[in-house]
Structure formats: structure tokens, C-alpha cells
There are 2 protein chains.
Amino acid sequence: MSDRPAILLLSGGLDSATVGAIARDEGYALHALSFRYGQRHMIELEAAVRIARHLGIADHRIVEIDLGAFGGSALTDDSIAVPKGRDADQMAGDIPTTYVPARNTIFLSYALALGEVIGARDIFIGVNAVDFSGYPDCRPDYVGAFEAMANLATRAGREEPGAIRIRTPLIAMTKAEIIRAGNALGLDYGLTVSCYDPDEKGRACGECDACILRREGFAAAGLLDPTRYREAAS
Amino acid sequence: MSDRPAILLLSGGLDSATVGAIARDEGYALHALSFRYGQRHMIELEAAVRIARHLGIADHRIVEIDLGAFGGSALTDDSIAVPKGRDADQMAGDIPTTYVPARNTIFLSYALALGEVIGARDIFIGVNAVDFSGYPDCRPDYVGAFEAMANLATRAGREEPGAIRIRTPLIAMTKAEIIRAGNALGLDYGLTVSCYDPDEKGRACGECDACILRREGFAAAGLLDPTRYREAAS
């Protein structure tokens with residue numbers, strides 16, 4: 001166990017909550033960073049606040065960023081529809097319309113800045129290359145390239161090359177493996193929100209890519225799904 | 001001459017204005033991006049607006065980012081003093097207190113997002129490795145690492161590796177060479193602001209690192225310095 005500080009990028013979803021549970025179990029003193037970026041809904045930020053509390057994280061910063069002004073994604077632009085009812089084959093291949101331009105790059109850049117200020121060298125992020133291969137910025141070669149850049153960009157990386165580490169414990173795990181890992185650490189997945197299109201009470205649609213992957217993940221893990229669905233999709 | 005769109009990171013200073021003049025001369029259709037990030041003064045943003053107009057740039061976006069909440073730099077944190085009266089030897093070596101953590105990485109990440117949305121593949125930034133070797137994120141190896149990451153992060157880079165280019169025409173130029181280049185293109189340097197600590201009328205202190213480098217640059221270029229200095233420093 002160590003008490004080294006680390007940054008946790010926390011979205012309110014299942015993946016980043018699991019990363020938080022893993023990093024906490026490794027003994028890091030976590031500083032959580034979440035973003036308000038023109039999402040369609042604030043429900044995931046409320047979930048991030050609940051999860052930070054559940055993980056015992058005292059320092060949780062929410063940074064406002066104006067990605068929405070740029071448009072270009074179904075998650076930030078109301079004129080683009082969230083795709084529904086697709087199977088895993090349809091999700092693979094193409095870059096989906098829910099891809100937000102350069103989102104992980106912007107999130108990791110803020111984490112890099114905060115890490116430099118508070119003296120954290122490890123940045124934990126819940127990217128996963130298995131289920132969502134359509135996103136360019138969720139792949140191992142992207143993460144490695146960001147880490148190389150980060151070590152050249154910063155005081156810590158200049159002074160000790162390789163000091164900055166982008167930690168992606170989920171990158172090669174299936175959704176079922178992720179859920180089993182979090183469950184084994186006592187994570188309450190009822191606090192997390194995955195749906196791209198929840199209703200005003202935070203209930204999931206059950207039909208978007210994120211809902212489908214989540215439901216299949218719990219089924220494959222052999223665990224009960226604590227997600228609250230709308231009636232039509234339950 | 002081309003009419004390809006390009007992003008220009010525009011600060012209101014001498015360097016980014018010169019980059020804009022160079023990119024315009026190469027025939028790019030420029031989209032300027034500036035940031036409000038908890039600077040001590042808004043005077044440089046007013047300068048950025050004037051320069052965009054001078055360069056004939058119709059699309060100038062100013063994005064609010066909350067770097068100031070992180071602290072850690074004399075340029076964003078009022079509790080850290082701007083160093084004054086240093087010579088070039090004192091400026092070299094150490095990373096100065098005016099370094100803003102991960103600033104160029106955050107700025108370039110936003111440019112990457114905007115570029116992806118509007119279809120621009122070239123991002124122009126006025127980093128310079130000669131005069132300000134103390135900043136880790138102004139060096140060629142950093143820029144190359146960012147570019148490599150950017151091509152893995154984005155749709156355009158995935159579809160055509162190497163498509164995204166981080167353009168740094170000033171990186172190996174002295175301040176005098178930069179000023180001569182802009183002057184030859186008709187750039188009005190009276191519109192630009194370099195000082196880290198201008199007064200409320202936008203007059204330069206004449207004593208901070210940026211003022212000293214600027215004044216020495218005009219002298220070495222053999223050109224009149226249009227900077228308005230405060231009386232004590234003139």
C-alpha cells in the first residue's frame with residue numbers, strides 16, 4: 001500500500017467507478033476530476049459525486065469545459081440522434097456518432113495539469129479497447145502516445161523521464177470482467193449511470209449502445225444488474 | 001495558395017500573431033482559437049481580437065477554461081510573483097514560475113477537437129524553443145510527441161496517418177528573426193501585447209522576462225519597437 005497521490009478521471013459511469021475502486025485498492029490517495037462539457041444530461045455528474053463519496057475521495061473537482069460549442073457528437077449536439085438497438089457487430093468498425101472529438105485528450109490534459117500542481121504522477125482513466133473499439137482514443141497505442149507526450153510536456157516528466165503514467169487497468173478487460181472486478185472490491189454499481197439517454201429520474205433507456213453493453217456485461221458476469229430501467233425497456 | 005482550413009492558436013502576443021501572418025501568407029483559411037484561463041489580465045485577449053481582425057480572420061472563438069482553479073503558476077495564481085529584471089542566462093535553465101502546468105497541451109487538445117469538427121488538419125502554434133528553453137512544452141520533441149498522439153486520437157489521423165500536423169514555424173527562430181518575418185508580411189506589432197504584468201491601460205512593465213526578450217528582439221532586428229511602456233520603464 002502506498003499513499004501516493006493519483007488523479008482519477010471520474011465520469012459517473014461503470015468503468016471509471018471500477019477504475020477508482022482498483023486504484024483505491026492499490027493504496028493511492030485519489031483526487032477525482034470530472035467535467036461538465038455540454039452533455040445532454042447532468043445525471044452522470046450527480047452519479048460521479050455519489051461514487052466519489054462511496055470511494056472515500058475527499059478532493060473531487062468538477063471542471064466546466066465548453067466542448068458543446070464545437071458540436072460534432074451525439075453526446076453534445078442535440079441535432080444528432082443517439083443510435084438505439086444496435087448489436088455488438090454494428091457497434092464495432094465505424095467510429096460511432098457518440099464519439100466526442102478529442103474528448104479523452106482534453107480530459108487527460110486537464111488531469112496532467114492538476115497532477116503537476118498537486119504532485120501526482122499517476123492518472124487513472126477507464127478507457128477500454130474491447131467493447132468499444134470504434135473510439136480512436138480508447139486504444140493502447142493512443143494511451144501510450146499520450147503518456148510519451150505527457151512526459152515531455154511536464155516538469156515531472158522532464159526531471160524523471162517516464163515518471164508520468166497513464167493508468168488504464170480496464171483496457172484489455174471485457175465488460176463482464178470489469179463488473180466482476182468491481183464487485184469483488186465491494187463497488188455498488190447501483191450508483192453508476194451508463195445510459196446515453198436517461199430520463200429525468202436517471203432511469204436508463206435500455207436501448208443505446210451503452211445500455212446494451214452494460215446489460216450484456218452483468219449477464220455474462222452472472223451478477224444481478226442494479227440498473228433502473230424505464231418500464232418500456234425493463 | 002490553398003484554401004484549406006487551419007486552426008491558429010492566438011494569444012494576443014507577438015509570436016502567435018506572427019504565426020498567423022505566416023499561415024495566412026501560405027494561403028490557409030484560418031480559424032482562430034483563444035482562451036480565457038484565469039490570466040491576471042484580459043488585455044491580451046483584447047489584443048487577440050484586434051489581431052484576428054488585422055489578419056482578416058472571421059471565425060475567432062474564445063473558450064473559457066478554468067486552469068486558474070488548479071493554481072501553480074505566476075500567470076494564473078496571484079500569490080506567486082512575476083519575476084522581474086532577469087537576464088537571458090537567468091531565464092534559461094530552470095522552468096520559470098510563469099510556466100502554466102500543461103498549458104500548451106490543453107490548448108492543443110482544444111484545437112484538435114475544433115479541427116476535427118470543422119475539418120482542419122493543420123494546427124498553428126507560436127511555440128519557440130530558442131528564447132524560452134525553460135518551458136518543457138515549447139520544444140521540438142514535445143511538439144512531435146503531441147502530433148504523434150493527435151494522429152492516434154482522431155478520426156482524421158486514424159483514416160490517414162500523419163494527416164494532423166502541428167505547425168510551429170517559429171520553433172527555431174530567434175526573437176529578432178520572428179519580428180523581421182512578421183514585419184516583412186506587414187504585421188502591425190503595435191497590436192500585440194507581450195508583457196506578463198501590464199497596467200490597466202495595457203502599457204508594458206518593461207521588466208518581466210517577456211518584456212526584456214521583446215525589447216531585445218526589436219533591437220536585434222533593427223526595427224522600432226511600437227510597444228507602449230509605462231513611464232518608469234521607458
# chains A, B, ... in the order shown; residues from 1 in each chain; ligands from 1
$ interface_residues --of "chain B" --to "chain A" --cutoff "8 Å" --atoms "only C-alpha atoms" --output "PyMOL selection string"
chain B and resi 63-66+70-72+95+101-103+105-106+109-110+112-114+116-117+136-137+141-142+145-146+148-149+152-155+158
$ closest_residue --among "B:Ala48, B:Ala219, B:Ala204, B:Leu191" --to "Glu177 in chain B" --atoms "only C-alpha atoms"
B:Ala219
$ atom_distance --atom1 "CA of Ile123 in chain B" --atom2 "CA of Ala17 in chain B"
14.0 Å
$ select_by_dssp --residues "range 3-234 of chain A" --states "strand (DSSP E)" --output "compact mmCIF listing (two decimals) with N, CA and C atoms, in the first residue's frame"
# COMPACT_ATOMS: atom_id res chain seq x y z
N PRO A 5 -0.30 10.30 -4.18
CA PRO A 5 -1.49 10.88 -4.79
C PRO A 5 -1.62 10.42 -6.24
N ALA A 6 -2.85 10.29 -6.70
CA ALA A 6 -3.12 9.97 -8.10
C ALA A 6 -4.39 10.68 -8.51
N ILE A 7 -4.50 10.95 -9.82
CA ILE A 7 -5.70 11.56 -10.36
C ILE A 7 -6.60 10.45 -10.89
N LEU A 8 -7.89 10.55 -10.60
CA LEU A 8 -8.88 9.64 -11.16
C LEU A 8 -9.85 10.43 -12.03
N LEU A 9 -9.90 10.12 -13.32
CA LEU A 9 -10.92 10.73 -14.18
C LEU A 9 -12.21 9.97 -13.96
N ALA A 29 -3.88 7.70 -2.88
CA ALA A 29 -4.72 8.77 -2.36
C ALA A 29 -5.31 9.48 -3.57
N LEU A 30 -6.59 9.24 -3.85
CA LEU A 30 -7.18 9.70 -5.11
C LEU A 30 -7.72 11.12 -5.05
N HIS A 31 -7.48 11.85 -6.14
CA HIS A 31 -8.09 13.15 -6.39
C HIS A 31 -8.94 12.99 -7.65
N ALA A 32 -10.25 13.14 -7.50
CA ALA A 32 -11.12 12.88 -8.64
C ALA A 32 -11.36 14.15 -9.45
N LEU A 33 -11.45 13.95 -10.77
CA LEU A 33 -11.67 15.07 -11.69
C LEU A 33 -12.81 14.67 -12.63
N SER A 34 -13.87 15.51 -12.63
CA SER A 34 -14.99 15.28 -13.52
C SER A 34 -15.21 16.53 -14.36
N PHE A 35 -15.97 16.39 -15.43
CA PHE A 35 -16.15 17.50 -16.37
C PHE A 35 -17.61 17.71 -16.70
N ARG A 36 -17.96 18.97 -16.78
CA ARG A 36 -19.27 19.38 -17.28
C ARG A 36 -18.98 19.91 -18.68
N ASP A 59 -11.19 15.00 -2.27
CA ASP A 59 -10.94 16.07 -3.24
C ASP A 59 -11.54 15.69 -4.59
N HIS A 60 -12.71 16.22 -4.90
CA HIS A 60 -13.39 15.95 -6.17
C HIS A 60 -13.64 17.28 -6.86
N ARG A 61 -12.93 17.52 -7.97
CA ARG A 61 -13.09 18.79 -8.70
C ARG A 61 -13.90 18.57 -9.96
N ILE A 62 -14.83 19.47 -10.19
CA ILE A 62 -15.65 19.42 -11.40
C ILE A 62 -15.30 20.64 -12.24
N VAL A 63 -14.76 20.40 -13.41
CA VAL A 63 -14.29 21.48 -14.27
C VAL A 63 -15.27 21.66 -15.42
N GLU A 64 -15.62 22.91 -15.65
CA GLU A 64 -16.55 23.23 -16.74
C GLU A 64 -15.74 23.41 -18.02
N ASP A 122 0.50 9.58 -11.36
CA ASP A 122 -0.34 8.55 -11.95
C ASP A 122 -1.71 9.13 -12.25
N ILE A 123 -2.18 8.89 -13.48
CA ILE A 123 -3.50 9.35 -13.90
C ILE A 123 -4.29 8.11 -14.30
N PHE A 124 -5.39 7.85 -13.59
CA PHE A 124 -6.22 6.68 -13.85
C PHE A 124 -7.40 7.06 -14.74
N ARG A 165 2.54 8.47 -15.55
CA ARG A 165 1.97 7.22 -16.07
C ARG A 165 0.46 7.35 -16.27
N ILE A 166 0.00 6.99 -17.46
CA ILE A 166 -1.44 6.94 -17.72
C ILE A 166 -1.87 5.51 -17.44
N ARG A 167 -2.66 5.35 -16.39
CA ARG A 167 -3.02 4.02 -15.90
C ARG A 167 -4.39 3.61 -16.41
$ atom_distance --atom1 "CA of Ile125 in chain A" --atom2 "CA of Gly20 in chain A"
8.7 Å
$ residues_around --residues "Met173 in chain B" --least-positions-apart "5" --cutoff "8 Å" --atoms "only C-alpha atoms" --output "list in words"
Asn128, Val130 and Ile178 of chain B
$ write_last_selection --atoms "C-alpha atoms" --output "PDB file, in the first residue's frame"
ATOM      1  CA  ASN B 128       9.609  28.817 -29.738  1.00  0.00           C
ATOM      2  CA  VAL B 130      15.209  29.411 -28.664  1.00  0.00           C
ATOM      3  CA  ILE B 178      10.402  36.345 -35.775  1.00  0.00           C
TER       4      ILE B 178
END
$ atom_distance --atom1 "CA of Leu185 in chain A" --atom2 "CA of Cys211 in chain A"
22.7 Å
$ residues_around --residues "Thr174 in chain A" --least-positions-apart "3" --cutoff "10 Å" --atoms "only C-alpha atoms" --output "list of chain:residue names"
A:Asn128, A:Ala129, A:Val130, A:Asp131, A:Leu170, A:Ile171, A:Glu177, A:Ile178, A:Ile179, A:Arg180, A:Leu213, A:Gly217, A:Ala220, A:Ala221
$ write_last_selection --atoms "N, CA and C atoms" --output "tab-separated table (two decimals), in the first residue's frame"
chain	number	residue	atom	x	y	z
A	128	ASN	N	-11.30	1.53	-22.45
A	128	ASN	CA	-11.45	0.10	-22.67
A	128	ASN	C	-11.47	-0.15	-24.18
A	129	ALA	N	-10.57	-0.99	-24.64
A	129	ALA	CA	-10.43	-1.21	-26.08
A	129	ALA	C	-11.26	-2.38	-26.58
A	130	VAL	N	-11.86	-3.14	-25.66
A	130	VAL	CA	-12.52	-4.38	-26.06
A	130	VAL	C	-13.92	-4.11	-26.60
A	131	ASP	N	-14.76	-3.53	-25.75
A	131	ASP	CA	-16.16	-3.38	-26.12
A	131	ASP	C	-16.39	-2.25	-27.12
A	170	LEU	N	-8.45	-1.16	-17.12
A	170	LEU	CA	-9.55	-1.87	-17.79
A	170	LEU	C	-9.28	-2.14	-19.26
A	171	ILE	N	-8.15	-1.66	-19.78
A	171	ILE	CA	-8.05	-1.54	-21.24
A	171	ILE	C	-8.25	-2.87	-21.97
A	177	GLU	N	-15.69	-8.88	-17.11
A	177	GLU	CA	-14.51	-8.90	-16.23
A	177	GLU	C	-14.43	-7.63	-15.39
A	178	ILE	N	-14.77	-6.50	-16.01
A	178	ILE	CA	-14.78	-5.23	-15.28
A	178	ILE	C	-15.77	-5.30	-14.12
A	179	ILE	N	-16.97	-5.76	-14.42
A	179	ILE	CA	-18.03	-5.82	-13.40
A	179	ILE	C	-17.66	-6.78	-12.28
A	180	ARG	N	-17.06	-7.91	-12.63
A	180	ARG	CA	-16.62	-8.86	-11.60
A	180	ARG	C	-15.55	-8.25	-10.71
A	213	LEU	N	-24.41	-2.83	-23.82
A	213	LEU	CA	-23.14	-3.40	-23.35
A	213	LEU	C	-23.19	-3.66	-21.85
A	217	GLY	N	-23.01	-7.22	-20.06
A	217	GLY	CA	-21.90	-7.40	-19.13
A	217	GLY	C	-22.33	-8.04	-17.82
A	220	ALA	N	-23.24	-11.69	-18.51
A	220	ALA	CA	-22.05	-12.53	-18.70
A	220	ALA	C	-21.29	-12.73	-17.40
A	221	ALA	N	-21.36	-11.74	-16.52
A	221	ALA	CA	-20.67	-11.85	-15.22
A	221	ALA	C	-21.46	-12.73	-14.25
$ residues_around --residues "Pro226 in chain B" --least-positions-apart "2" --cutoff "12 Å" --atoms "only C-alpha atoms" --output "short mmCIF file (atom, residue, chain, number, x, y, z; two decimals) with C-alpha atoms, in the first residue's frame"
data_model
loop_
_atom_site.label_atom_id
_atom_site.label_comp_id
_atom_site.auth_asym_id
_atom_site.auth_seq_id
_atom_site.Cartn_x
_atom_site.Cartn_y
_atom_site.Cartn_z
CA LEU B 14 3.95 38.78 -30.69
CA ILE B 179 9.95 40.12 -35.72
CA ASN B 183 7.35 42.90 -40.35
CA LEU B 187 2.12 42.72 -39.40
CA ASP B 188 1.44 45.65 -37.05
CA TYR B 189 3.24 44.69 -33.82
CA GLY B 190 1.66 47.67 -32.09
CA LEU B 191 -1.45 45.48 -31.80
CA THR B 192 0.36 42.77 -29.84
CA VAL B 193 0.99 42.54 -26.08
CA SER B 194 3.89 40.55 -24.59
CA ARG B 203 1.18 49.52 -21.05
CA ALA B 204 4.07 47.11 -20.59
CA ARG B 214 10.69 41.58 -26.80
CA ARG B 215 12.78 44.73 -26.41
CA PHE B 218 13.30 44.64 -31.77
CA ALA B 219 16.80 46.00 -31.10
CA LEU B 223 13.30 47.81 -36.06
CA LEU B 224 11.46 50.38 -33.96
CA ARG B 228 3.79 51.26 -25.12
CA TYR B 229 5.78 51.16 -21.88
CA SER B 234 10.51 53.68 -20.89
#
